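Colleague: My structure file data36.cif, mmCIF, C-alpha atoms, is below:
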data_input
#
loop_
_atom_site.label_atom_id
_atom_site.label_comp_id
_atom_site.auth_asym_id
_atom_site.auth_seq_id
_atom_site.Cartn_x
_atom_site.Cartn_y
_atom_site.Cartn_z
CA PHE Z 83 -26.74 -4.61 9.96
CA GLU Z 84 -23.23 -4.84 8.48
CA ARG Z 85 -22.86 -1.08 8.87
CA ASP Z 86 -23.87 -1.32 12.54
CA LYS Z 87 -21.31 -4.06 13.08
CA GLU Z 88 -18.56 -1.88 11.64
CA GLU Z 89 -19.62 1.04 13.84
CA LEU Z 90 -19.41 -1.13 16.95
CA LYS Z 91 -15.93 -2.32 15.95
CA LYS Z 92 -14.78 1.28 15.47
CA PHE Z 93 -15.89 2.07 19.01
CA GLY Z 94 -13.88 -0.90 20.30
CA ILE Z 95 -16.94 -2.97 21.25
CA PRO Z 96 -16.24 -6.65 20.49
CA LEU Z 97 -18.90 -8.89 18.95
CA GLU Z 98 -19.14 -12.57 19.76
CA LEU Z 99 -20.64 -15.12 17.39
CA SER Z 100 -22.47 -17.76 19.44
CA LYS Z 101 -25.57 -19.93 19.61
CA LEU Z 102 -28.73 -18.01 20.34
CA ASP Z 103 -30.43 -20.77 22.31
CA GLU Z 104 -29.77 -24.37 23.16
CA ALA Z 105 -33.18 -25.30 21.70
CA PHE Z 106 -32.04 -24.07 18.30
CA ALA Z 107 -28.56 -25.52 17.97
CA ASP Z 108 -28.20 -24.53 14.34
CA ASP Z 109 -29.05 -20.84 14.90
CA VAL Z 110 -26.19 -18.49 15.70
CA GLY Z 111 -26.12 -14.75 16.26
CA TYR Z 112 -24.03 -11.88 17.51
CA ARG Z 113 -23.76 -10.93 21.17
CA VAL Z 114 -22.11 -7.99 22.90
CA SER Z 115 -20.24 -9.09 26.00
CA ARG Z 116 -20.26 -6.11 28.36
CA GLY Z 117 -17.42 -7.52 30.44
CA ALA Z 118 -15.13 -7.60 27.39
CA TYR Z 119 -15.11 -3.84 26.86
CA GLU Z 120 -16.43 -2.01 29.93
CA LEU Z 121 -13.88 -0.17 32.04
CA PRO Z 122 -13.65 -0.67 35.79
CA PRO Z 123 -14.91 2.18 38.00
CA ILE Z 124 -12.75 5.30 37.72
CA GLU Z 125 -11.88 6.97 41.00
CA PHE Z 126 -9.95 10.25 41.19
CA SER Z 127 -8.96 12.20 44.24
CA PRO Z 128 -10.18 15.84 44.25
CA ASP Z 129 -6.66 17.01 43.26
CA GLU Z 130 -6.47 14.49 40.40
CA ALA Z 131 -9.92 15.49 39.14
CA THR Z 132 -8.87 19.15 39.24
CA ALA Z 133 -5.73 18.34 37.23
CA VAL Z 134 -7.90 16.63 34.60
CA GLY Z 135 -10.18 19.67 34.40
CA LEU Z 136 -7.20 22.00 34.06
CA ALA Z 137 -5.73 19.89 31.24
CA ILE Z 138 -9.04 19.99 29.39
CA ARG Z 139 -9.20 23.79 29.65
CA LEU Z 140 -5.76 24.05 28.05
CA TRP Z 141 -6.90 22.71 24.67
CA GLN Z 142 -8.29 25.22 22.22
CA SER Z 143 -8.20 23.28 18.94
CA ALA Z 144 -11.42 21.79 17.59
CA ALA Z 145 -9.93 18.33 17.06
CA LEU Z 146 -8.62 17.74 20.58
CA GLY Z 147 -10.93 20.19 22.35
CA GLN Z 148 -14.09 18.25 21.47
CA ALA Z 149 -12.55 14.96 22.57
CA ALA Z 150 -11.35 16.51 25.84
CA HIS Z 151 -14.75 17.95 26.71
CA GLY Z 152 -16.40 14.65 25.81
CA ALA Z 153 -14.05 12.88 28.21
CA LEU Z 154 -14.92 15.36 30.96
CA MET Z 155 -18.65 14.73 30.46
CA LYS Z 156 -18.10 10.98 30.76
CA LEU Z 157 -16.10 11.42 33.96
CA ARG Z 158 -18.84 13.56 35.47
CA ALA Z 159 -21.46 11.00 34.42
CA ALA Z 160 -19.40 8.35 36.24
CA GLY Z 161 -19.60 10.41 39.43
CA VAL Z 162 -16.15 12.04 39.32
CA ALA Z 163 -16.36 15.39 41.13
CA LEU Z 164 -14.45 18.37 39.71
CA ASP Z 165 -13.51 21.19 42.06
CA GLU Z 166 -14.17 24.21 39.81
CA ALA Z 167 -13.07 26.61 42.57
CA ALA Z 168 -9.59 25.05 42.59
CA LEU Z 169 -9.00 25.91 38.92
CA PRO Z 170 -7.06 29.12 38.23
CA GLY Z 171 -9.00 31.98 36.70
CA VAL Z 172 -6.58 32.54 33.80
CA VAL Z 173 -5.27 29.52 31.91
CA PRO Z 174 -2.96 29.75 28.87
CA HIS Z 175 -4.30 28.13 25.70
CA VAL Z 176 -2.37 25.39 23.97
CA ASP Z 177 -2.75 25.45 20.20
CA ALA Z 178 -3.10 21.83 19.14
CA SER Z 179 -3.96 22.54 15.51
CA ASP Z 180 -0.60 21.50 14.05
CA PRO Z 181 -1.28 18.56 11.68
CA ALA Z 182 1.90 16.77 12.77
CA LEU Z 183 0.75 16.56 16.40
CA PRO Z 184 -1.75 13.64 16.30
CA PRO Z 185 0.47 11.20 14.34
CA LEU Z 186 3.48 12.04 16.53
CA LEU Z 187 1.49 11.47 19.72
CA ASP Z 188 0.40 8.09 18.31
CA ALA Z 189 4.00 7.23 17.45
CA VAL Z 190 5.19 8.14 20.97
CA ARG Z 191 2.57 5.88 22.52
CA ALA Z 192 3.34 3.05 20.09
CA ARG Z 193 7.14 3.47 20.44
CA GLN Z 194 7.39 3.45 16.65
CA ALA Z 195 9.93 5.40 14.61
CA VAL Z 196 8.74 8.02 12.14
CA ARG Z 197 9.96 9.72 8.98
CA PHE Z 198 9.21 13.30 7.98
CA ASP Z 199 10.56 16.22 5.93
CA TYR Z 200 11.94 19.04 8.08
CA VAL Z 201 13.00 22.64 7.41
CA LYS Z 202 15.92 23.43 9.70
CA TYR Z 203 16.18 26.93 11.19
CA GLY Z 204 17.70 29.29 8.62
CA ALA Z 205 17.43 26.75 5.78
CA GLN Z 206 15.25 26.94 2.68
CA ALA Z 207 15.06 23.29 1.62
CA THR Z 208 13.69 20.33 3.57
CA GLU Z 209 15.69 17.39 4.91
CA THR Z 210 14.28 13.93 5.57
CA ARG Z 211 14.57 12.95 9.23
CA ARG Z 212 14.17 9.49 10.75
CA VAL Z 213 13.44 9.71 14.46
CA GLN Z 214 12.53 7.46 17.37
CA PRO Z 215 10.02 9.75 19.13
CA TRP Z 216 10.47 9.96 22.90
CA GLY Z 217 7.91 12.64 23.61
CA VAL Z 218 6.06 15.74 22.43
CA VAL Z 219 5.94 18.84 24.63
CA SER Z 220 4.65 22.40 24.44
CA TRP Z 221 7.38 24.92 25.22
CA ARG Z 222 6.76 28.68 25.12
CA ALA Z 223 3.57 28.24 23.08
CA ARG Z 224 5.29 26.02 20.49
CA TRP Z 225 5.19 22.25 20.05
CA TYR Z 226 8.40 20.22 19.92
CA LEU Z 227 9.25 16.59 19.26
CA VAL Z 228 12.12 15.14 21.27
CA GLY Z 229 13.67 11.88 20.13
CA HIS Z 230 16.64 9.93 18.88
CA ASP Z 231 17.71 10.98 15.38
CA LEU Z 232 18.60 7.69 13.68
CA ASP Z 233 20.79 9.27 11.00
CA ARG Z 234 22.72 11.50 13.40
CA ALA Z 235 22.81 8.98 16.26
CA ASP Z 236 21.98 11.64 18.82
CA ALA Z 237 19.10 13.12 20.84
CA ARG Z 238 17.47 15.97 18.94
CA SER Z 239 14.42 18.22 19.20
CA PHE Z 240 12.25 19.35 16.29
CA ARG Z 241 9.71 22.16 16.15
CA LEU Z 242 6.48 20.74 14.77
CA SER Z 243 5.70 23.85 12.72
CA ARG Z 244 8.79 23.11 10.59
CA ILE Z 245 7.62 19.63 9.60
CA GLU Z 246 6.54 19.60 5.95
CA GLY Z 247 3.94 17.16 4.70
CA ALA Z 248 2.89 13.94 6.37
CA VAL Z 249 4.50 12.15 9.29
CA ARG Z 250 4.98 8.54 8.17
CA PRO Z 251 5.48 5.48 10.43
CA LEU Z 252 8.78 3.65 10.10
CA GLY Z 253 9.44 0.08 11.20
CA GLU Z 254 7.68 -1.96 13.86
CA ARG Z 255 5.66 -0.80 16.86
CA GLY Z 256 7.36 -1.20 20.23
CA ALA Z 257 10.78 -1.07 18.55
CA PHE Z 258 12.55 1.08 21.17
CA GLU Z 259 12.45 2.19 24.81
CA ARG Z 260 12.29 5.78 25.98
CA PRO Z 261 15.18 6.74 28.32
CA ALA Z 262 14.09 6.42 31.94
CA ASP Z 263 15.67 9.69 33.10
CA LEU Z 264 14.51 11.78 30.12
CA ASP Z 265 13.69 15.46 30.76
CA LEU Z 266 11.93 16.72 27.63
CA GLN Z 267 12.02 20.38 28.60
CA ALA Z 268 15.74 20.21 29.40
CA VAL Z 269 16.46 18.92 25.89
CA ILE Z 270 14.43 21.73 24.33
CA GLY Z 271 15.87 24.37 26.64
CA ALA Z 272 19.36 23.47 25.44
CA ARG Z 273 18.46 24.70 21.94
CA GLY Z 274 19.12 28.30 22.90
CA PRO Z 275 17.03 31.34 21.94
CA GLU Z 276 16.24 32.09 18.32
CA THR Z 277 16.47 35.56 16.80
CA SER Z 278 13.23 37.51 16.82
CA ARG Z 279 12.23 39.20 13.55
CA THR Z 280 9.40 41.39 12.31
CA ALA Z 281 7.10 40.52 9.41
CA HIS Z 282 4.57 42.69 7.58
CA VAL Z 283 1.29 41.11 6.50
CA ARG Z 284 -1.54 42.84 4.64
CA VAL Z 285 -4.93 41.65 5.90
CA THR Z 286 -8.56 42.39 5.24
CA GLY Z 287 -11.89 41.11 6.52
CA PRO Z 288 -12.88 39.11 9.63
CA ARG Z 289 -10.97 35.89 8.87
CA VAL Z 290 -7.68 37.28 10.15
CA ASP Z 291 -8.47 37.98 13.80
CA HIS Z 292 -5.83 35.44 14.87
CA LEU Z 293 -3.21 37.51 12.98
CA ARG Z 294 -4.46 40.77 14.47
CA ARG Z 295 -4.03 39.34 17.97
CA MET Z 296 -0.38 38.56 17.17
CA ALA Z 297 0.40 42.01 15.79
CA ALA Z 298 2.56 44.48 17.66
CA GLY Z 299 1.12 47.30 15.54
CA SER Z 300 -0.78 48.08 12.34
CA GLU Z 301 -1.10 50.74 9.66
CA PRO Z 302 -4.02 51.42 7.30
CA ALA Z 303 -3.63 50.35 3.67
CA GLU Z 304 -5.72 50.78 0.52
CA GLY Z 305 -9.44 50.21 0.91
CA ASP Z 306 -10.38 48.47 4.13
CA ALA Z 307 -7.04 46.63 4.36
CA GLU Z 308 -4.34 47.13 6.96
CA VAL Z 309 -0.70 46.09 7.28
CA LEU Z 310 0.18 44.24 10.48
CA SER Z 311 3.63 44.20 12.07
CA ILE Z 312 4.16 40.75 13.65
CA ASP Z 313 7.20 39.77 15.69
CA TYR Z 314 8.19 36.11 15.31
CA SER Z 315 11.09 33.67 15.55
CA ASP Z 316 9.69 30.71 13.60
CA VAL Z 317 9.04 31.46 9.93
CA GLU Z 318 7.24 28.16 9.27
CA TRP Z 319 4.84 28.69 12.17
CA LEU Z 320 3.95 32.19 10.97
CA ALA Z 321 3.66 30.95 7.38
CA ARG Z 322 1.05 28.42 8.51
CA GLN Z 323 -0.92 31.14 10.29
CA VAL Z 324 -0.87 33.41 7.23
CA ALA Z 325 -1.66 30.64 4.74
CA SER Z 326 -4.63 29.49 6.85
CA ALA Z 327 -6.32 32.86 6.16
CA GLY Z 328 -6.30 32.28 2.41
CA ALA Z 329 -6.79 35.39 0.27
CA ALA Z 330 -7.56 37.49 3.36
CA ALA Z 331 -3.85 37.69 4.25
CA VAL Z 332 -0.80 38.42 2.08
CA ALA Z 333 2.76 38.20 3.43
CA LEU Z 334 4.73 41.25 2.28
CA ASP Z 335 8.14 40.65 3.87
CA PRO Z 336 10.65 39.28 4.70
CA PRO Z 337 11.25 37.22 1.53
CA ASP Z 338 11.67 33.86 3.28
CA LEU Z 339 8.24 34.27 4.89
CA VAL Z 340 6.68 35.07 1.51
CA GLU Z 341 8.33 31.98 0.03
CA ALA Z 342 7.15 29.77 2.90
CA VAL Z 343 3.55 30.96 2.54
CA VAL Z 344 3.58 30.41 -1.23
CA ARG Z 345 5.03 26.93 -0.75
CA ARG Z 346 2.27 25.99 1.68
CA LEU Z 347 -0.48 27.33 -0.58
CA ARG Z 348 0.90 25.49 -3.59
CA ARG Z 349 1.05 22.26 -1.61
CA ALA Z 350 -2.56 22.78 -0.51
CA VAL Z 351 -3.66 23.28 -4.13
CA GLY Z 352 -1.73 20.19 -5.22
CA SER Z 353 -3.28 17.97 -2.55
CA ALA Z 354 -6.78 19.19 -3.44
CA SER Z 355 -6.43 18.56 -7.19
#
Now, as a test, write the supplied structure out as C-alpha cells.

Modeller:
Amino acid sequence: FERDKEELKKFGIPLELSKLDEAFADDVGYRVSRGAYELPPIEFSPDEATAVGLAIRLWQSAALGQAAHGALMKLRAAGVALDEAALPGVVPHVDASDPALPPLLDAVRARQAVRFDYVKYGAQATETRRVQPWGVVSWRARWYLVGHDLDRADARSFRLSRIEGAVRPLGERGAFERPADLDLQAVIGARGPETSRTAHVRVTGPRVDHLRRMAAGSEPAEGDAEVLSIDYSDVEWLARQVASAGAAAVALDPPDLVEAVVRRLRRAVGSAS
C-alpha cells in the first residue's frame, strides 16, 4: 500500500486523508479527488494539432521520443484530430540525446541559474560557467543554450556538446526574468561560422552505423575494419559520437579529437567504478 501511495504521488495524483463514513467517525482513509488533478478538456484547432504532430516527429531520441509519442496517444484518446495529410513527407530529425539537454530545459522553465564545466572552442581545458538560462534551441543540427553569463555580465551562447559533466542548479527558482524581446536564433547566429575539419576514425562491426552515415568517404583497413573520413566543426560533439560506440570505434586523428574521446571514456569508467 505504501508503494502504491508513492507511485500515485510520482504521477502527480494527490491523496486526501479523510473520514470514510459518518457512521464510523474514528475510521479514516485515503481518497483520490479527481477534480484536484484532472485537466480540463483540451481543444486544438486542426493547424495546432498538426503542429503538435510535427513536433513529435522531430524527436528521435529514446528519452524524449517515447514521452512525445505517449503524449500524442493521450491527445488522440481525448478526441484531438491530427491531420496526417498536412504533415510534410520529409522531416529533419532532432537529436535530443545530449545529457545536458533535460536539466537545462528544466532550468529554463524554472528560471533557475545553473553551473557547468565548458570546453570553449579551440581550448583544451574546461572552464566553470554560471549562467541564467534564457532558452535552449536547435540550430543547424546542434543544440545551444542562450543565457546571461553571470561572470562575464553578458549574453552568451553555449553549445551543449561542449558541456562536460553534470549541469548543476544554482540559487533559487524563479530568480530572474527572460528578456521580452529575446531572439534565440539571432544570438546564436552572431557566433559566426566555425572552421570545418576532417577526422579519421577506424570502425568495425554494426554498432557504428551512426558514424558511417556521417562519413564523407571510407577506406578498407585490416580485417573487416574500415577508416571513415568525417567532416566536423565541433570536436566535443564528434568525440561523444565516437565514444558512444565503445571499442567498435577508434579515433585516429586529429590529436585533439583523440584526446577528447579518451577523456570521455575515462570519465565513463570513473563514474561506473

Colleague: What does the distance from CA of Val317 (chain Z) to CA of Leu339 (chain Z) come to in Å, to one decimal?

Modeller: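 Rounded to one decimal, the two atoms are 5.8 Å apart.
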
Colleague: List every protein, DNA or RNA residue with an atom no more than 12 Å from (6.8, 4.3, 21.5) in the file's coordinates, counting only C-alpha atoms, and format the result as a PyMOL selection string.

Modeller: chain Z and resi 185-196+213-218+229-230+251-261

Colleague: Identify all residues satisfying the PyMOL selection byres ((chain Z and resi 244) around 6) in the given file; provide them as a VMD selection string.

Modeller: chain Z and resid 200 to 201 241 to 243 245 318

Colleague: Could you state the separation of CA of Arg279 (chain Z) and CA of Glu246 (chain Z) in Å, given to one decimal place?

Modeller: 21.8 Å

Colleague: Between CA of Ser179 (chain Z) and CA of Leu310 (chain Z), what is the spacing in Å?

Modeller: 22.7 Å

Colleague: How big is the axis-aligned box around the listed atoms of region 331-347 of chain Z once 4 Å is added on each side, and where is its centre? Give both in Å to one decimal, as JSON.

Modeller:
{"center_x": 3.9, "center_y": 33.6, "center_z": 1.8, "size_x": 23.5, "size_y": 23.3, "size_z": 14.1}

Colleague: What residues have an atom no more than 9 Å from (-1.9, 36.3, 3.7) in the file's own frame, counting only C-alpha atoms, and can you write them as a ChimeraX atom specification?

Modeller: /Z:283-285,290,321,323-334,340,343

Colleague: Taking all atoms listed in the file into account, name the residue in Z:Pro96, Z:Val219, Z:Gly287, Z:Arg224 that is nearest to Arg116 (chain Z).

Modeller: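 That would be Z:Pro96, the residue with the smallest distance to Arg116 (chain Z).
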
Colleague: Nearest to Ala272 (chain Z): which of Z:Pro288, Z:Ala182, Z:Val228, Z:Tyr314 is it, counting all atoms listed in the file?

Modeller: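 The shortest atom-to-atom distance to Ala272 (chain Z) comes from Z:Val228.
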
Colleague: Which one is closest to Asp233 (chain Z): Z:Arg349, Z:Arg250, Z:Arg197, Z:His292? Count all atoms listed in the file.

Modeller: Z:Arg197

Colleague: Run the PyMOL selection byres ((chain Z and resi 99) around 6) mentally over the shown coordinates, then write out the matched residues as a list in words, using the chain letters and numbers from the document.

Modeller: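 Given this file, the PyMOL selection byres ((chain Z and resi 99) around 6) evaluates to Glu98, Ser100, Gly111 and Tyr112 of chain Z.
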
Colleague: For the structure shown, which residues end up in the PyMOL selection byres ((chain Z and resi 298) around 12)? Put them as an mmCIF file with C-alpha atoms, in the coordinates of the input, please?

Modeller:
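And here is the file that came out, part_36.cif:
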data_model
loop_
_atom_site.group_PDB
_atom_site.id
_atom_site.type_symbol
_atom_site.label_atom_id
_atom_site.label_comp_id
_atom_site.auth_asym_id
_atom_site.auth_seq_id
_atom_site.Cartn_x
_atom_site.Cartn_y
_atom_site.Cartn_z
ATOM 1 C CA ARG Z 279 12.230 39.200 13.550
ATOM 2 C CA THR Z 280 9.400 41.390 12.310
ATOM 3 C CA ALA Z 281 7.100 40.520 9.410
ATOM 4 C CA HIS Z 282 4.570 42.690 7.580
ATOM 5 C CA VAL Z 283 1.290 41.110 6.500
ATOM 6 C CA LEU Z 293 -3.210 37.510 12.980
ATOM 7 C CA ARG Z 294 -4.460 40.770 14.470
ATOM 8 C CA ARG Z 295 -4.030 39.340 17.970
ATOM 9 C CA MET Z 296 -0.380 38.560 17.170
ATOM 10 C CA ALA Z 297 0.400 42.010 15.790
ATOM 11 C CA GLY Z 299 1.120 47.300 15.540
ATOM 12 C CA SER Z 300 -0.780 48.080 12.340
ATOM 13 C CA GLU Z 301 -1.100 50.740 9.660
ATOM 14 C CA VAL Z 309 -0.700 46.090 7.280
ATOM 15 C CA LEU Z 310 0.180 44.240 10.480
ATOM 16 C CA SER Z 311 3.630 44.200 12.070
ATOM 17 C CA ILE Z 312 4.160 40.750 13.650
ATOM 18 C CA ASP Z 313 7.200 39.770 15.690
ATOM 19 C CA TYR Z 314 8.190 36.110 15.310
#
